[in-house]
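*Asks:* One file: query-v5.tsv (TSV, C-alpha atoms).
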```
chain	number	residue	atom	x	y	z
A	1	MET	CA	-59.30	-20.65	-101.45
A	2	ALA	CA	-55.88	-19.38	-102.42
A	3	PRO	CA	-53.28	-19.15	-99.64
A	4	ARG	CA	-53.12	-15.75	-98.01
A	5	ASP	CA	-50.01	-13.68	-98.60
A	6	HIS	CA	-48.36	-12.94	-95.26
A	7	ASP	CA	-47.81	-9.31	-96.33
A	8	GLU	CA	-51.58	-8.84	-96.41
A	9	ASP	CA	-52.18	-10.16	-92.87
A	10	ASP	CA	-54.00	-7.54	-90.83
A	11	LEU	CA	-52.84	-6.20	-87.49
A	12	THR	CA	-54.87	-6.01	-84.30
A	13	LEU	CA	-55.31	-2.72	-82.44
A	14	HIS	CA	-52.87	-4.04	-79.80
A	15	ASP	CA	-50.29	-4.71	-82.52
A	16	LEU	CA	-50.74	-1.19	-83.87
A	17	ILE	CA	-50.12	0.44	-80.49
A	18	GLU	CA	-47.63	-1.87	-78.79
A	19	GLY	CA	-45.48	-2.94	-81.74
A	20	PRO	CA	-43.43	-4.47	-83.17
A	21	THR	CA	-43.07	-1.13	-84.98
A	22	ARG	CA	-39.39	-0.39	-84.44
A	23	ASP	CA	-37.37	0.73	-87.41
A	24	LEU	CA	-35.46	-2.26	-88.74
A	25	THR	CA	-33.04	-0.49	-91.07
A	26	ALA	CA	-29.35	-0.85	-90.39
A	27	ALA	CA	-28.75	2.90	-90.54
A	28	ARG	CA	-31.36	3.67	-87.88
A	29	ALA	CA	-30.28	0.77	-85.65
A	30	ALA	CA	-26.66	1.92	-85.80
A	31	ALA	CA	-27.64	5.50	-84.96
A	32	LEU	CA	-29.70	4.32	-82.01
A	33	ALA	CA	-26.85	2.13	-80.74
A	34	ARG	CA	-24.44	5.06	-80.92
A	35	THR	CA	-26.84	7.23	-78.94
A	36	GLN	CA	-27.40	4.62	-76.23
A	37	ALA	CA	-23.67	3.99	-75.89
A	38	ARG	CA	-22.91	7.54	-74.87
A	39	PRO	CA	-23.07	8.03	-71.09
A	40	SER	CA	-24.08	11.68	-71.43
A	41	SER	CA	-26.81	11.01	-73.95
A	42	ASP	CA	-30.08	12.56	-72.82
A	43	ASP	CA	-33.02	12.10	-75.15
A	44	HIS	CA	-33.88	15.78	-75.02
A	45	GLU	CA	-37.57	16.51	-75.26
A	46	VAL	CA	-38.55	18.92	-78.00
A	47	ASP	CA	-40.33	21.38	-75.71
A	48	GLY	CA	-37.42	23.81	-75.67
A	49	THR	CA	-36.69	23.36	-71.96
A	50	SER	CA	-33.70	21.04	-72.16
A	51	GLY	CA	-31.25	23.51	-73.66
A	52	ASP	CA	-28.73	22.97	-76.42
A	53	PRO	CA	-25.90	20.84	-75.00
A	54	GLN	CA	-23.85	20.74	-78.17
A	55	GLY	CA	-24.19	24.28	-79.49
A	56	SER	CA	-26.57	25.83	-81.96
A	57	GLN	CA	-27.51	24.13	-85.20
A	58	PRO	CA	-27.47	26.33	-88.33
A	59	HIS	CA	-30.88	27.88	-88.88
A	60	ASP	CA	-32.72	30.17	-91.21
A	61	ARG	CA	-35.93	31.47	-89.68
A	62	ARG	CA	-37.71	33.35	-86.87
A	63	GLY	CA	-34.60	34.87	-85.30
A	64	ASP	CA	-34.04	34.50	-81.58
A	65	THR	CA	-37.55	33.26	-80.76
A	66	VAL	CA	-36.64	29.66	-81.66
A	67	ASP	CA	-35.34	27.10	-79.17
A	68	ARG	CA	-32.63	25.10	-80.93
A	69	VAL	CA	-31.97	21.58	-79.71
A	70	VAL	CA	-29.21	19.37	-81.10
A	71	LEU	CA	-29.79	15.67	-80.48
A	72	ASP	CA	-26.95	13.20	-79.96
A	73	GLY	CA	-28.28	10.94	-82.73
A	74	LEU	CA	-31.32	10.15	-84.83
A	75	PRO	CA	-34.36	9.12	-82.78
A	76	ALA	CA	-35.90	5.65	-83.08
A	77	SER	CA	-38.95	6.07	-85.30
A	78	GLY	CA	-40.84	3.03	-83.99
A	79	ALA	CA	-41.15	4.45	-80.48
A	80	LEU	CA	-42.34	7.77	-81.92
A	81	TYR	CA	-45.10	6.06	-83.89
A	82	ARG	CA	-46.22	4.21	-80.78
A	83	ARG	CA	-46.44	7.56	-79.02
A	84	ALA	CA	-48.50	8.94	-81.91
A	85	LEU	CA	-50.86	5.94	-81.88
A	86	LEU	CA	-51.41	6.23	-78.14
A	87	GLY	CA	-52.17	9.89	-78.69
A	88	VAL	CA	-55.40	9.07	-80.53
A	89	VAL	CA	-56.72	6.73	-77.82
A	90	PRO	CA	-59.51	8.49	-75.85
A	91	GLY	CA	-58.34	9.63	-72.43
A	92	ILE	CA	-54.64	9.29	-73.31
A	93	GLY	CA	-54.01	11.75	-76.11
A	94	GLY	CA	-52.77	15.19	-75.20
A	95	ARG	CA	-54.06	18.54	-76.37
A	96	ARG	CA	-53.04	19.97	-79.72
A	97	GLY	CA	-51.22	23.28	-79.92
A	98	SER	CA	-52.66	26.36	-81.56
A	99	ASP	CA	-49.47	27.17	-83.47
A	100	VAL	CA	-46.31	25.52	-84.75
A	101	PRO	CA	-43.74	24.78	-82.02
A	102	SER	CA	-41.01	27.40	-81.59
A	103	VAL	CA	-38.30	24.76	-81.70
A	104	GLU	CA	-35.74	23.63	-84.24
A	105	LEU	CA	-34.18	20.19	-83.97
A	106	GLY	CA	-30.76	19.28	-85.31
A	107	VAL	CA	-28.45	16.29	-85.58
A	108	SER	CA	-24.90	16.16	-86.90
A	109	GLY	CA	-22.85	13.64	-88.84
A	110	VAL	CA	-25.56	11.35	-90.22
A	111	ALA	CA	-23.77	8.72	-92.30
A	112	VAL	CA	-25.20	6.56	-95.07
A	113	ASP	CA	-25.36	2.81	-94.63
A	114	GLN	CA	-24.68	1.39	-98.10
A	115	ARG	CA	-26.86	-1.70	-97.54
A	116	HIS	CA	-29.75	0.49	-96.49
A	117	LEU	CA	-29.25	2.72	-99.55
A	118	ALA	CA	-29.22	-0.32	-101.84
A	119	ASP	CA	-32.41	-1.62	-100.21
A	120	TYR	CA	-34.09	1.77	-100.66
A	121	ASP	CA	-32.98	1.91	-104.31
A	122	ARG	CA	-34.52	-1.49	-104.99
A	123	VAL	CA	-37.83	-0.66	-103.31
A	124	CYS	CA	-38.18	2.63	-105.20
A	125	GLY	CA	-36.77	1.57	-108.57
A	126	PHE	CA	-33.50	3.53	-108.59
A	127	ARG	CA	-30.30	2.21	-110.13
A	128	LEU	CA	-27.64	1.17	-107.62
A	129	THR	CA	-25.07	3.99	-107.57
A	130	ASP	CA	-23.00	5.87	-104.97
A	131	ARG	CA	-24.96	9.07	-105.61
A	132	LEU	CA	-27.91	9.55	-103.27
A	133	PRO	CA	-31.36	9.96	-104.87
A	134	ALA	CA	-32.97	13.28	-103.95
A	135	THR	CA	-35.74	11.49	-102.07
A	136	TYR	CA	-33.26	9.43	-100.04
A	137	LEU	CA	-32.17	12.50	-98.09
A	138	HIS	CA	-35.80	12.85	-96.98
A	139	VAL	CA	-35.65	9.30	-95.64
A	140	LEU	CA	-32.26	9.84	-94.02
A	141	GLY	CA	-33.45	12.82	-92.01
A	142	PHE	CA	-37.07	11.71	-91.55
A	143	PRO	CA	-36.69	10.50	-87.92
A	144	LEU	CA	-35.70	14.04	-86.92
A	145	SER	CA	-38.85	15.51	-88.50
A	146	LEU	CA	-40.86	12.68	-86.99
A	147	ARG	CA	-39.58	13.63	-83.54
A	148	LEU	CA	-40.74	17.19	-84.13
A	149	MET	CA	-44.18	16.06	-85.31
A	150	THR	CA	-44.72	13.85	-82.25
A	151	SER	CA	-43.67	16.53	-79.77
A	152	PRO	CA	-46.18	17.67	-77.13
A	153	GLY	CA	-48.53	20.32	-78.48
A	154	PHE	CA	-47.72	19.82	-82.19
A	155	PRO	CA	-50.84	21.29	-83.84
A	156	ILE	CA	-51.62	18.38	-86.19
A	157	PRO	CA	-51.74	14.75	-84.97
A	158	LEU	CA	-49.28	12.55	-86.83
A	159	THR	CA	-51.47	9.47	-87.14
A	160	GLY	CA	-53.95	9.95	-89.96
A	161	VAL	CA	-52.17	13.06	-91.29
A	162	VAL	CA	-52.33	13.50	-95.08
A	163	HIS	CA	-49.16	14.38	-96.98
A	164	VAL	CA	-50.47	16.77	-99.65
A	165	ALA	CA	-47.29	18.17	-101.24
A	166	ASN	CA	-43.52	17.89	-101.19
A	167	ARG	CA	-40.78	20.06	-102.65
A	168	ILE	CA	-37.13	18.98	-102.73
A	169	THR	CA	-34.26	21.20	-103.84
A	170	VAL	CA	-30.92	19.58	-104.64
A	171	HIS	CA	-28.15	22.20	-104.63
A	172	ARG	CA	-25.49	19.67	-105.54
A	173	PRO	CA	-25.21	15.86	-105.62
A	174	VAL	CA	-24.47	14.04	-102.36
A	175	GLU	CA	-22.27	10.95	-102.45
A	176	VAL	CA	-22.56	7.88	-100.25
A	177	GLY	CA	-19.33	8.59	-98.35
A	178	GLU	CA	-20.45	12.02	-97.11
A	179	SER	CA	-21.99	12.68	-93.69
A	180	VAL	CA	-24.92	15.08	-93.48
A	181	ASP	CA	-26.02	17.50	-90.78
A	182	PHE	CA	-29.80	17.97	-90.58
A	183	HIS	CA	-32.09	20.48	-88.95
A	184	THR	CA	-35.86	20.63	-89.07
A	185	TYR	CA	-38.67	22.97	-88.08
A	186	ALA	CA	-42.36	23.62	-88.82
A	187	GLU	CA	-43.89	26.79	-90.22
A	188	ASN	CA	-46.86	28.34	-91.99
A	189	LEU	CA	-49.80	26.79	-90.11
A	190	ARG	CA	-52.85	27.80	-92.12
A	191	PRO	CA	-56.53	26.89	-92.60
A	192	HIS	CA	-57.73	24.44	-95.21
A	193	GLU	CA	-61.25	23.62	-96.32
A	194	ARG	CA	-60.90	20.22	-94.59
A	195	GLY	CA	-58.86	21.24	-91.53
A	196	ARG	CA	-55.41	22.80	-91.10
A	197	GLN	CA	-52.14	22.33	-92.92
A	198	LEU	CA	-48.54	23.27	-92.28
A	199	ASP	CA	-45.05	22.85	-93.70
A	200	VAL	CA	-42.29	20.77	-92.13
A	201	VAL	CA	-38.88	21.89	-93.41
A	202	LEU	CA	-35.86	19.56	-93.37
A	203	VAL	CA	-32.46	20.95	-94.37
A	204	GLY	CA	-29.32	18.92	-95.10
A	205	SER	CA	-25.87	20.53	-94.89
A	206	ILE	CA	-22.30	19.33	-95.41
A	207	GLY	CA	-19.40	21.33	-94.02
A	208	GLY	CA	-21.73	24.20	-93.14
A	209	GLU	CA	-23.09	24.45	-96.70
A	210	GLU	CA	-26.72	23.67	-97.46
A	211	VAL	CA	-26.81	20.93	-100.10
A	212	TRP	CA	-30.44	19.76	-99.87
A	213	ARG	CA	-33.79	21.11	-98.67
A	214	GLY	CA	-37.16	19.39	-98.38
A	215	VAL	CA	-40.52	21.00	-97.59
A	216	SER	CA	-43.38	18.62	-96.79
A	217	THR	CA	-46.92	20.01	-96.56
A	218	TYR	CA	-49.23	18.05	-94.25
A	219	LEU	CA	-52.99	18.29	-93.79
A	220	GLY	CA	-54.70	17.47	-90.53
A	221	LYS	CA	-58.40	16.82	-91.10
A	222	GLU	CA	-60.80	18.42	-88.64
A	223	ARG	CA	-64.57	18.22	-88.28
A	224	SER	CA	-64.91	21.97	-87.74
A	225	ALA	CA	-62.96	22.77	-90.87
A	226	GLY	CA	-63.45	25.80	-93.05
A	227	GLY	CA	-61.97	29.11	-94.01
A	228	GLY	CA	-59.23	27.86	-96.31
A	229	PRO	CA	-59.06	27.85	-100.09
A	230	ARG	CA	-61.40	25.44	-101.84
A	231	ARG	CA	-60.28	23.11	-104.59
A	232	ASP	CA	-61.43	23.61	-108.14
A	233	ARG	CA	-64.18	21.03	-108.58
A	234	GLY	CA	-64.60	21.51	-112.31
A	235	ASP	CA	-64.38	18.79	-114.93
A	236	ARG	CA	-61.31	16.61	-114.57
A	237	PRO	CA	-59.03	16.77	-117.65
A	238	ALA	CA	-58.17	13.60	-119.48
A	239	PRO	CA	-54.89	12.05	-118.27
A	240	PRO	CA	-51.86	12.28	-120.58
A	241	ALA	CA	-50.69	9.25	-122.51
A	242	ALA	CA	-48.85	6.82	-120.26
A	243	SER	CA	-45.20	6.05	-120.86
A	244	ALA	CA	-45.14	3.24	-118.27
A	245	ARG	CA	-47.51	1.20	-116.11
A	246	TRP	CA	-46.57	-0.09	-112.66
A	247	ARG	CA	-48.31	-2.70	-110.55
A	248	VAL	CA	-48.33	-1.49	-106.94
A	249	THR	CA	-48.76	-4.43	-104.56
A	250	PRO	CA	-49.46	-4.42	-100.79
A	251	ARG	CA	-45.79	-5.27	-100.32
A	252	VAL	CA	-44.92	-1.74	-101.47
A	253	GLY	CA	-46.51	-0.41	-98.28
A	254	THR	CA	-44.58	-2.69	-95.93
A	255	ASP	CA	-41.29	-2.55	-97.86
A	256	TYR	CA	-41.28	1.24	-98.00
A	257	ALA	CA	-42.16	1.44	-94.30
A	258	ARG	CA	-39.14	-0.76	-93.60
A	259	VAL	CA	-36.64	1.30	-95.60
A	260	SER	CA	-38.06	4.72	-94.75
A	261	GLY	CA	-38.95	4.33	-91.08
A	262	ASP	CA	-42.42	5.72	-91.88
A	263	HIS	CA	-44.60	3.14	-90.12
A	264	ASN	CA	-47.90	5.03	-90.35
A	265	PRO	CA	-50.46	2.18	-90.25
A	266	ILE	CA	-52.57	3.69	-93.03
A	267	HIS	CA	-49.87	2.29	-95.36
A	268	THR	CA	-49.31	-1.13	-93.80
A	269	SER	CA	-52.50	-2.37	-92.14
A	270	LYS	CA	-56.10	-2.85	-93.19
A	271	LEU	CA	-57.29	-2.03	-89.70
A	272	GLY	CA	-54.98	0.97	-89.47
A	273	ALA	CA	-56.28	2.28	-92.80
A	274	ARG	CA	-59.92	1.79	-91.78
A	275	LEU	CA	-59.37	3.57	-88.45
A	276	PHE	CA	-58.47	6.71	-90.38
A	277	GLY	CA	-61.06	6.58	-93.14
A	278	PHE	CA	-59.37	4.55	-95.88
A	279	PRO	CA	-61.08	1.33	-97.05
A	280	ARG	CA	-57.67	-0.31	-97.57
A	281	PRO	CA	-54.00	0.61	-97.14
A	282	ILE	CA	-52.55	3.28	-99.41
A	283	ALA	CA	-49.06	3.75	-100.81
A	284	HIS	CA	-46.74	6.26	-99.15
A	285	GLY	CA	-46.73	9.52	-101.06
A	286	MET	CA	-42.94	9.67	-100.91
A	287	TRP	CA	-42.71	6.21	-102.47
A	288	SER	CA	-44.83	7.48	-105.37
A	289	LYS	CA	-42.59	10.52	-105.76
A	290	ALA	CA	-39.43	8.42	-105.55
A	291	ARG	CA	-40.75	5.94	-108.13
A	292	CYS	CA	-41.47	8.77	-110.57
A	293	LEU	CA	-38.06	10.33	-109.94
A	294	ALA	CA	-36.38	6.97	-110.52
A	295	ALA	CA	-37.98	6.85	-113.98
A	296	LEU	CA	-36.51	10.29	-114.74
A	297	ALA	CA	-33.15	9.75	-113.02
A	298	PRO	CA	-30.96	9.35	-116.14
A	299	ARG	CA	-32.17	12.74	-117.41
A	300	LEU	CA	-31.91	14.84	-114.24
A	301	PRO	CA	-29.40	17.72	-113.94
A	302	GLU	CA	-26.84	18.12	-111.15
A	303	ALA	CA	-29.00	20.68	-109.32
A	304	TYR	CA	-32.78	20.99	-109.53
A	305	THR	CA	-36.06	21.33	-107.64
A	306	VAL	CA	-38.65	18.57	-107.86
A	307	ASP	CA	-42.11	19.64	-106.76
A	308	VAL	CA	-45.13	17.34	-106.40
A	309	SER	CA	-48.74	17.61	-105.29
A	310	PHE	CA	-50.33	14.42	-104.01
A	311	LYS	CA	-53.89	14.09	-105.30
A	312	LEU	CA	-55.89	10.92	-104.67
A	313	PRO	CA	-54.30	8.08	-102.67
A	314	VAL	CA	-52.87	5.03	-104.46
A	315	PRO	CA	-54.81	2.08	-102.98
A	316	LEU	CA	-52.93	-1.17	-102.39
A	317	PRO	CA	-53.04	-3.10	-104.64
A	318	SER	CA	-53.58	-1.15	-107.87
A	319	THR	CA	-52.03	-0.39	-111.25
A	320	VAL	CA	-50.82	3.14	-111.98
A	321	ALA	CA	-49.85	4.91	-115.20
A	322	PHE	CA	-46.78	7.16	-115.30
A	323	SER	CA	-46.42	9.96	-117.85
A	324	ALA	CA	-43.66	12.52	-118.40
A	325	SER	CA	-43.05	15.28	-120.92
A	326	ALA	CA	-40.00	17.47	-121.46
A	327	THR	CA	-40.44	21.23	-121.21
A	328	GLY	CA	-38.05	24.04	-121.98
A	329	ALA	CA	-37.22	24.31	-118.29
A	330	GLY	CA	-37.23	20.65	-117.27
A	331	TRP	CA	-39.91	17.98	-116.91
A	332	ASP	CA	-43.60	17.70	-116.09
A	333	PHE	CA	-44.79	14.31	-114.87
A	334	ALA	CA	-47.86	12.65	-113.39
A	335	LEU	CA	-49.21	9.42	-111.95
A	336	HIS	CA	-52.77	8.33	-112.68
A	337	SER	CA	-54.95	5.30	-112.08
A	338	ALA	CA	-54.53	2.93	-115.01
A	339	ARG	CA	-58.14	1.84	-114.59
A	340	ASP	CA	-60.09	5.11	-114.61
A	341	GLY	CA	-57.52	7.89	-115.08
A	342	ARG	CA	-58.00	9.46	-111.64
A	343	PRO	CA	-54.94	11.56	-110.67
A	344	HIS	CA	-52.62	10.37	-107.91
A	345	LEU	CA	-49.69	12.78	-108.30
A	346	VAL	CA	-48.63	15.70	-110.49
A	347	GLY	CA	-45.11	17.09	-110.43
A	348	SER	CA	-42.37	19.03	-112.12
A	349	VAL	CA	-38.59	19.18	-112.27
A	350	ARG	CA	-37.01	22.60	-112.76
```
If you convert what's in this file into structure tokens, what do you get?
*Replies:*
Amino acid sequence: MAPRDHDEDDLTLHDLIEGPTRDLTAARAAALARTQARPSSDDHEVDGTSGDPQGSQPHDRRGDTVDRVVLDGLPASGALYRRALLGVVPGIGGRRGSDVPSVELGVSGVAVDQRHLADYDRVCGFRLTDRLPATYLHVLGFPLSLRLMTSPGFPIPLTGVVHVANRITVHRPVEVGESVDFHTYAENLRPHERGRQLDVVLVGSIGGEEVWRGVSTYLGKERSAGGGPRRDRGDRPAPPAASARWRVTPRVGTDYARVSGDHNPIHTSKLGARLFGFPRPIAHGMWSKARCLAALAPRLPEAYTVDVSFKLPVPLPSTVAFSASATGAGWDFALHSARDGRPHLVGSVR
């Protein structure tokens, strides 16, 4: 019997709930240390009752009905995932809300750790430069969105949620020496044939100017689903000719969790994947998007919108085929299974 790769070791249920799931990236650790060092730092709950001790964060929706809370620093993502995991244990989990929370979270002055950026670039296939990849801003502000999604009453449970689409708009390039202000909110809760889905919006600004916007669409599966639009179940078209093939190993799940702070166990643990209906771990959708964008990076304009729909999960391990074609307005690209042509991701750059 061949020796077992340590990256494929499974976790126990105790490991999943009690850790060690803390975010190990230097950027997150530094942000947490700054927050803990401040004597007036209160980890304000996102229920809208703790006020806004540092003033209002810029916003762009729902007028005066929104409670705006500015945090002293980025939250620690590991503790938030432990909260989410405990939330699915019978007798412990709280009730889900019937609508999106009327709260907007913000944080100011998020700096880039160059070692963390280099680590992210290597994991996702980007060249090492001082210009931030479009998908890196999603990672940089992800703990803020994660805090929103683990707040009491959030309508869709975080653990087991399916990321079905993501749109990123880059208004202008962001350099490594710039600090970014983020705010996040949820909107557009709607029915789906398999449950409910909503959009989590994350906005990055510098000097009061919006420079980046990400919209992630998440699906929460429910047994009593129905009422939403149904997918077209017609014949699947043949996949386009591949321009590259990538071997996606189990290490992709653990490495991306480390650099992104997204420790959802469906990506890193066999047990965690099985608990939520997957026979084995699956790759993060945002890793798949980043890997495709890295392949297109030399040909991207200064400002653009990259839109993707996540189709079937990428099981770990597997081999995927990447294809891209130039259009008059930009690029169309896709990721398919190299074995049977099943679609994993379709996207466009405009």
*Asks:* Given the choices A:Gly141, A:Gly214, A:Pro315, A:Gly204, which gets closest to Val252 (chain A) if the distance is worked out from only C-alpha atoms?
*Replies:*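 Counting only C-alpha atoms, the residue closest to Val252 (chain A) is A:Pro315.
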*Asks:* Hey, which of A:Arg291, A:Arg127, A:His284, A:Arg299 ends up closest to Leu335 (chain A)? Count all atoms listed in the file.
*Replies:*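 Of A:Arg291, A:Arg127, A:His284, A:Arg299, the one nearest Leu335 (chain A), counting all atoms listed in the file, is A:Arg291.
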*Asks:* Restricting the calculation to all atoms listed in the file: of A:Val161, A:Ala329, A:Ala334, A:Val112, which residue gets closest to Val174 (chain A)?
*Replies:*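 Checking each candidate against Val174 (chain A), we get A:Val112 as the closest.
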*Asks:* Can you tell me which residues surround region 238-246 of chain A at a distance of at most 12 Å, considering only C-alpha atoms, apart from same-chain residues fewer than 3 positions away, and format the answer as a ChimeraX atom specification?
*Replies:* /A:124-125,235,249,252,288,291-292,295-296,314,317-325,332-346
*Asks:* Edge lengths and centre in Å to one decimal, as AutoDock Vina command-line options, of the axis-aligned box that encloses all listed atoms of region 149-161 of chain A with 3 Å added on every side?
*Replies:*
```
--center_x -48.8 --center_y 15.4 --center_z -84.2 --size_x 16.3 --size_y 17.8 --size_z 20.2
```
*Asks:* In Å, how far is it from CA of Leu128 (chain A) to CA of Pro281 (chain A)?
*Replies:*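 Taking CA of Leu128 (chain A) and CA of Pro281 (chain A), their separation equals 28.4 Å.
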*Asks:* Which is closest to Arg172 (chain A) among A:Ser205, A:Thr150, A:Ser102, A:Ser260, if we use only C-alpha atoms?
*Replies:*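 Among A:Ser205, A:Thr150, A:Ser102, A:Ser260, it is A:Ser205 that comes nearest to Arg172 (chain A).
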*Asks:* Just the number, please: distance in Å from CA of Gly73 (chain A) to CA of Gly109 (chain A), one decimal.
*Replies:*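 So the answer is 8.6 Å.
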*Asks:* My list of candidates is A:Lys289, A:His163, A:His183, A:His138. Which is closest to Ser108 (chain A) when distances are computed with only C-alpha atoms?
*Replies:*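 Among A:Lys289, A:His163, A:His183, A:His138, it is A:His183 that comes nearest to Ser108 (chain A).
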*Asks:* Under the rule that all atoms listed in the file are counted, which of A:Ala283, A:Ile266, A:Leu74, A:Leu148 is the nearest residue to Phe310 (chain A)?
*Replies:*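 Checking each candidate against Phe310 (chain A), we get A:Ala283 as the closest.
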*Asks:* May I ask for the distance between CA of Phe182 (chain A) and CA of Val110 (chain A), given in Å to one decimal place?
*Replies:*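 Computing the Euclidean distance for CA of Phe182 (chain A) and CA of Val110 (chain A) yields 7.9 Å.
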